[in-house]
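Enquirer: For reference, the structure I am asking about is given below.
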Amino acid sequence: MLRIGCHLSSSKGFLAMGKEAINIGANTFQFFTRNPRGGKAKELDTKDLAAYLDFAEEHGIAQILAHAPYTLNACAKDEGLRQFAYDTMCDDLRRLEHIPNAMYNFHPGSHVKQGTEIGIGYISDLLNRINEKGYHATILLETMAGKGTEIGRNFEELRTIIDRVEENSNLGVCMDTCHVFDGGYDIVGNLEEVIEEFHSVVGLCRLKAVHLNDSMNLLGSHKDRHEKIGEGKIGLEAFRAIVTHSKLRELPFFLETPNDLEGYQREIALLRQMAEA
Ligand code: FE
Ligand code: FE
Ligand code: ZN
């Protein structure tokens with residue numbers, strides 16, 4: 001069965017998210033660990049979490065994806081900002097210790113004109129430091145659109161980061177369809193080749209999740225503007241090919257399309273229908 005969900009607001013807690021997911025036909029979901037702009041996280045509500053874990057077990061939610069605030073920059077120029085990224089990620093990962101099988105996705109960062117080499121160095125330093133803590137969540141680097149000075153604009157950059165982390169068995173990649181398309185990977189015209197390239201550069205064993213988003217912009221635009229499934233430049237047929245692909249269909253899929261819950265419900269139903277046809 002297709003594992004699919006969408007991004008949900010975490011403001012009402014875990015049990016509320018679990019119920020929301022089930023109500024819209026999802027069997028997983030993604031959430032921000034705190035205000036996406038940074039901010040302080042609420043203390044973990046252990047009662048809510050215990051109720052959620054029972055609910056998840058009962059309703060078949062086996063694995064969920066936490067998303068780090070997108071304002072964190074592990075390769076900022078300012079040391080204080082890099083330390084803030086490290087502290088925030090550690091705090092997030094410490095909370096996730098209470099959730100079995102959790103995965104934690106983050107945007108590698110923007111090198112802010114220091115250059116890719118320095119940026120990659122800072123990101124791998126941060127991951128090496130995090131790994132000294134021995135957290136259990138799988139940490140995912142997200143493929144980025146290459147807007148501005150974003151790191152992770154191609155598979156090679158992600159591979160280089162992973163290679164520079166000493167104990168890297170807990171690292172994986174989350175492929176965002178809008179981002180890779182905007183980054184110049186033609187998942188519409190040649191999905192097979194993109195998957196092969198990912199495999200030869202990073203290795204498909206590292207691919208742990210997919211963000212399903214259509215794109216408002218053209219292949220290689222480096223823009224990162226998400227569109228509803230089938231309403232952008234990627235188009236429905238490419239999503240059909242993605243959710244039915246033998247190398248992808250077992251992965252968890254997460255929608256981050258501009259939608260309310262009803263819109264997500266429709267997209268989940270549509271993608272399930274395509275996957276199970
Ligand atoms: Fe993201
Ligand atoms: Fe994404
Ligand atoms: Zn995006």
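Naming scheme: A, B, ... for chains in displayed order of the structure tokens; residues 1 onward per chain; ligands 1 onward as shown.
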Pick out the residues no farther than 9 Å from ligand 3, counting only C-alpha atoms and all ligand atoms, and list them as a PyMOL selection string.
Expert: chain A and resi 144-145+176-179+211+213+223-226+256
Enquirer: For ligand 1, list the contacting residues at 7 Å or closer, counting only C-alpha atoms and all ligand atoms, as an NGL selection string.
Expert: :A and (67 or 70 or 106-107 or 142)
Enquirer: Can you work out the spacing between CA of Gly203 (chain A) and CA of Leu140 (chain A) in Å, to one decimal?
Expert: 13.7 Å
Enquirer: Rounded to one decimal, what separation in Å do you get between CA of Ile268 (chain A) and CA of Leu96 (chain A)?
Expert: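 Separating CA of Ile268 (chain A) from CA of Leu96 (chain A) is a distance of 25.9 Å.
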Enquirer: May I have the residues within 12 Å of Arg129 (chain A) as a PDB file with N, CA and C atoms, in the first residue's frame, using only C-alpha atoms and disregarding those fewer than 2 positions away in the same chain?
Expert:
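The result, stored in selection_37.pdb:
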```pdb
ATOM      1  N   ALA A  74      23.095  25.728   8.380  1.00  0.00           N
ATOM      2  CA  ALA A  74      24.248  25.009   8.921  1.00  0.00           C
ATOM      3  C   ALA A  74      25.558  25.530   8.345  1.00  0.00           C
ATOM      4  N   ARG A  82      25.637  29.300  12.894  1.00  0.00           N
ATOM      5  CA  ARG A  82      25.921  27.870  12.711  1.00  0.00           C
ATOM      6  C   ARG A  82      25.690  27.119  14.014  1.00  0.00           C
ATOM      7  N   GLN A  83      26.107  27.737  15.123  1.00  0.00           N
ATOM      8  CA  GLN A  83      25.886  27.116  16.426  1.00  0.00           C
ATOM      9  C   GLN A  83      24.383  27.010  16.712  1.00  0.00           C
ATOM     10  N   ALA A  85      22.034  26.638  14.511  1.00  0.00           N
ATOM     11  CA  ALA A  85      21.519  25.507  13.709  1.00  0.00           C
ATOM     12  C   ALA A  85      21.818  24.193  14.436  1.00  0.00           C
ATOM     13  N   TYR A  86      23.029  24.065  14.932  1.00  0.00           N
ATOM     14  CA  TYR A  86      23.416  22.846  15.657  1.00  0.00           C
ATOM     15  C   TYR A  86      22.565  22.651  16.911  1.00  0.00           C
ATOM     16  N   ASP A  87      22.422  23.705  17.715  1.00  0.00           N
ATOM     17  CA  ASP A  87      21.650  23.599  18.967  1.00  0.00           C
ATOM     18  C   ASP A  87      20.195  23.224  18.679  1.00  0.00           C
ATOM     19  N   MET A  89      18.933  21.745  15.983  1.00  0.00           N
ATOM     20  CA  MET A  89      18.816  20.377  15.467  1.00  0.00           C
ATOM     21  C   MET A  89      18.986  19.353  16.591  1.00  0.00           C
ATOM     22  N   CYS A  90      19.926  19.606  17.485  1.00  0.00           N
ATOM     23  CA  CYS A  90      20.094  18.690  18.627  1.00  0.00           C
ATOM     24  C   CYS A  90      18.831  18.641  19.467  1.00  0.00           C
ATOM     25  N   TYR A 122      31.191  23.131   6.350  1.00  0.00           N
ATOM     26  CA  TYR A 122      30.439  23.466   7.566  1.00  0.00           C
ATOM     27  C   TYR A 122      29.306  22.470   7.818  1.00  0.00           C
ATOM     28  N   ILE A 123      28.603  22.088   6.749  1.00  0.00           N
ATOM     29  CA  ILE A 123      27.460  21.179   6.927  1.00  0.00           C
ATOM     30  C   ILE A 123      27.942  19.813   7.415  1.00  0.00           C
ATOM     31  N   SER A 124      29.016  19.321   6.830  1.00  0.00           N
ATOM     32  CA  SER A 124      29.494  18.012   7.280  1.00  0.00           C
ATOM     33  C   SER A 124      30.085  18.100   8.695  1.00  0.00           C
ATOM     34  N   ASP A 125      30.695  19.248   9.034  1.00  0.00           N
ATOM     35  CA  ASP A 125      31.156  19.439  10.425  1.00  0.00           C
ATOM     36  C   ASP A 125      29.991  19.336  11.398  1.00  0.00           C
ATOM     37  N   LEU A 126      28.913  20.027  11.048  1.00  0.00           N
ATOM     38  CA  LEU A 126      27.737  20.027  11.927  1.00  0.00           C
ATOM     39  C   LEU A 126      27.193  18.609  12.092  1.00  0.00           C
ATOM     40  N   LEU A 127      27.126  17.862  10.993  1.00  0.00           N
ATOM     41  CA  LEU A 127      26.594  16.494  11.087  1.00  0.00           C
ATOM     42  C   LEU A 127      27.529  15.601  11.892  1.00  0.00           C
ATOM     43  N   ASN A 131      26.377  13.725  15.275  1.00  0.00           N
ATOM     44  CA  ASN A 131      26.472  12.267  15.401  1.00  0.00           C
ATOM     45  C   ASN A 131      27.228  11.819  16.647  1.00  0.00           C
ATOM     46  N   GLU A 132      27.998  12.743  17.238  1.00  0.00           N
ATOM     47  CA  GLU A 132      28.639  12.400  18.512  1.00  0.00           C
ATOM     48  C   GLU A 132      27.607  12.154  19.601  1.00  0.00           C
ATOM     49  N   LYS A 133      26.402  12.699  19.404  1.00  0.00           N
ATOM     50  CA  LYS A 133      25.343  12.588  20.414  1.00  0.00           C
ATOM     51  C   LYS A 133      24.613  11.238  20.367  1.00  0.00           C
ATOM     52  N   GLY A 134      24.715  10.557  19.240  1.00  0.00           N
ATOM     53  CA  GLY A 134      24.104   9.232  19.154  1.00  0.00           C
ATOM     54  C   GLY A 134      22.582   9.195  19.094  1.00  0.00           C
ATOM     55  N   TYR A 135      21.979  10.222  18.520  1.00  0.00           N
ATOM     56  CA  TYR A 135      20.519  10.195  18.337  1.00  0.00           C
ATOM     57  C   TYR A 135      20.136   9.091  17.358  1.00  0.00           C
ATOM     58  N   ARG A 164      31.757  13.091   3.835  1.00  0.00           N
ATOM     59  CA  ARG A 164      32.622  13.726   4.840  1.00  0.00           C
ATOM     60  C   ARG A 164      32.124  13.541   6.261  1.00  0.00           C
ATOM     61  N   VAL A 165      31.053  12.798   6.411  1.00  0.00           N
ATOM     62  CA  VAL A 165      30.580  12.473   7.757  1.00  0.00           C
ATOM     63  C   VAL A 165      31.106  11.084   8.094  1.00  0.00           C
ATOM     64  N   GLU A 166      31.810  11.035   9.203  1.00  0.00           N
ATOM     65  CA  GLU A 166      32.529   9.808   9.545  1.00  0.00           C
ATOM     66  C   GLU A 166      31.620   8.600   9.683  1.00  0.00           C
ATOM     67  N   GLU A 167      30.671   8.710  10.602  1.00  0.00           N
ATOM     68  CA  GLU A 167      29.745   7.608  10.825  1.00  0.00           C
ATOM     69  C   GLU A 167      28.438   8.027  10.153  1.00  0.00           C
ATOM     70  N   ASN A 168      28.278   7.657   8.860  1.00  0.00           N
ATOM     71  CA  ASN A 168      27.170   8.268   8.109  1.00  0.00           C
ATOM     72  C   ASN A 168      26.001   7.319   7.836  1.00  0.00           C
TER      73      ASN A 168
END
```
Enquirer: Kindly indicate which residue among A:Lys233, A:Arg159, A:Arg34, A:Arg206 lies nearest to Leu218 (chain A), using only C-alpha atoms for the distances.
Expert: A:Lys233
Enquirer: Identify, on the basis of only C-alpha atoms, every residue whose closest approach to Leu236 (chain A) does not exceed 12 Å; exclude the query and any residue fewer than 5 positions from it along the same chain; express the result as a list in words.
Expert: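 Near neighbours after the sequence-gap exclusion: Ile187, Val188, Leu212, Asn213, Asp214, Ser215, Glu227, Lys228, Ile229, Gly230, Glu231, Ala241, Ile242, Val243, Glu267, Leu270, Leu271 and Met274 of chain A.
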Enquirer: So that I can see what lies close to region 183-186 of chain A, please list as number ranges by chain the residues with an atom at most 6 Å from it, counting only C-alpha atoms and leaving out residues fewer than 3 positions away in the same chain.
Expert: A: 145-146, 179-180, 189-190, 219-220, 222
Enquirer: I want to know what sits within 7 Å of region 4-15 of chain A, based on only C-alpha atoms, with residues of the same chain fewer than 3 positions away left out; could you give that as a list in words?
Expert: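 These residues fall inside the cut-off: Gly18, Lys19, Ala21, Ala26, Asn27, Thr28, Phe29, Gln30, Phe31, Phe32, Asp48, Leu49, Ala51, Tyr52, Pro252, Phe253, Phe254, Leu255, Glu256, Tyr264 and Ile268 of chain A.
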Enquirer: Please give the complete set of residues from region 26-145 of chain A that DSSP, run on the backbone, assigns to strand (DSSP E), formatted as a VMD selection string.
Expert: chain A and resid 30 to 32 65 to 67 103 to 106 109 to 110 138 to 142
Enquirer: Could you please determine the separation between CA of Met17 (chain A) and CA of Thr88 (chain A) in Å, to one decimal place?
Expert: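 Separating CA of Met17 (chain A) from CA of Thr88 (chain A) is a distance of 22.1 Å.
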Enquirer: Using only C-alpha atoms and all ligand atoms, find the one residue out of A:Leu171, A:Ile118, A:Cys75, A:Ala68 that sits nearest to ligand 2.
Expert: A:Ala68
Enquirer: For Val112 (chain A), please output as number ranges by chain all residues within 10 Å (counting only C-alpha atoms; exclusion window: fewer than 5 positions along the same chain).
Expert: A: 73, 75-77, 119, 148-151
Enquirer: Put those residues in a file: C-alpha atoms, as a CSV table (one decimal), in the first residue's frame.
Expert:
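Dumped to result_33.csv:
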```csv
chain,number,residue,atom,x,y,z
A,73,ASN,CA,21.6,27.6,8.1
A,75,CYS,CA,26.7,26.8,6.7
A,76,ALA,CA,26.1,30.4,7.7
A,77,LYS,CA,29.0,32.8,7.6
A,119,GLY,CA,29.5,25.5,2.8
A,148,GLY,CA,20.5,31.7,-4.5
A,149,THR,CA,23.5,30.0,-2.9
A,150,GLU,CA,21.7,26.9,-1.7
A,151,ILE,CA,23.8,23.8,-1.2
```
Enquirer: Please identify the helix (DSSP H, G or I) residues within region 26-121 of chain A (assignment by DSSP from backbone atoms) and present them as a ChimeraX atom specification.
Expert: /A:46-59,79-96,116-121
Enquirer: Determine the nearest neighbour of ligand 2 from the options A:Pro69, A:Gly80, A:Gly60, A:Gly25, counting only C-alpha atoms and all ligand atoms.
Expert: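 Of all the options, A:Pro69 lies closest to ligand 2.
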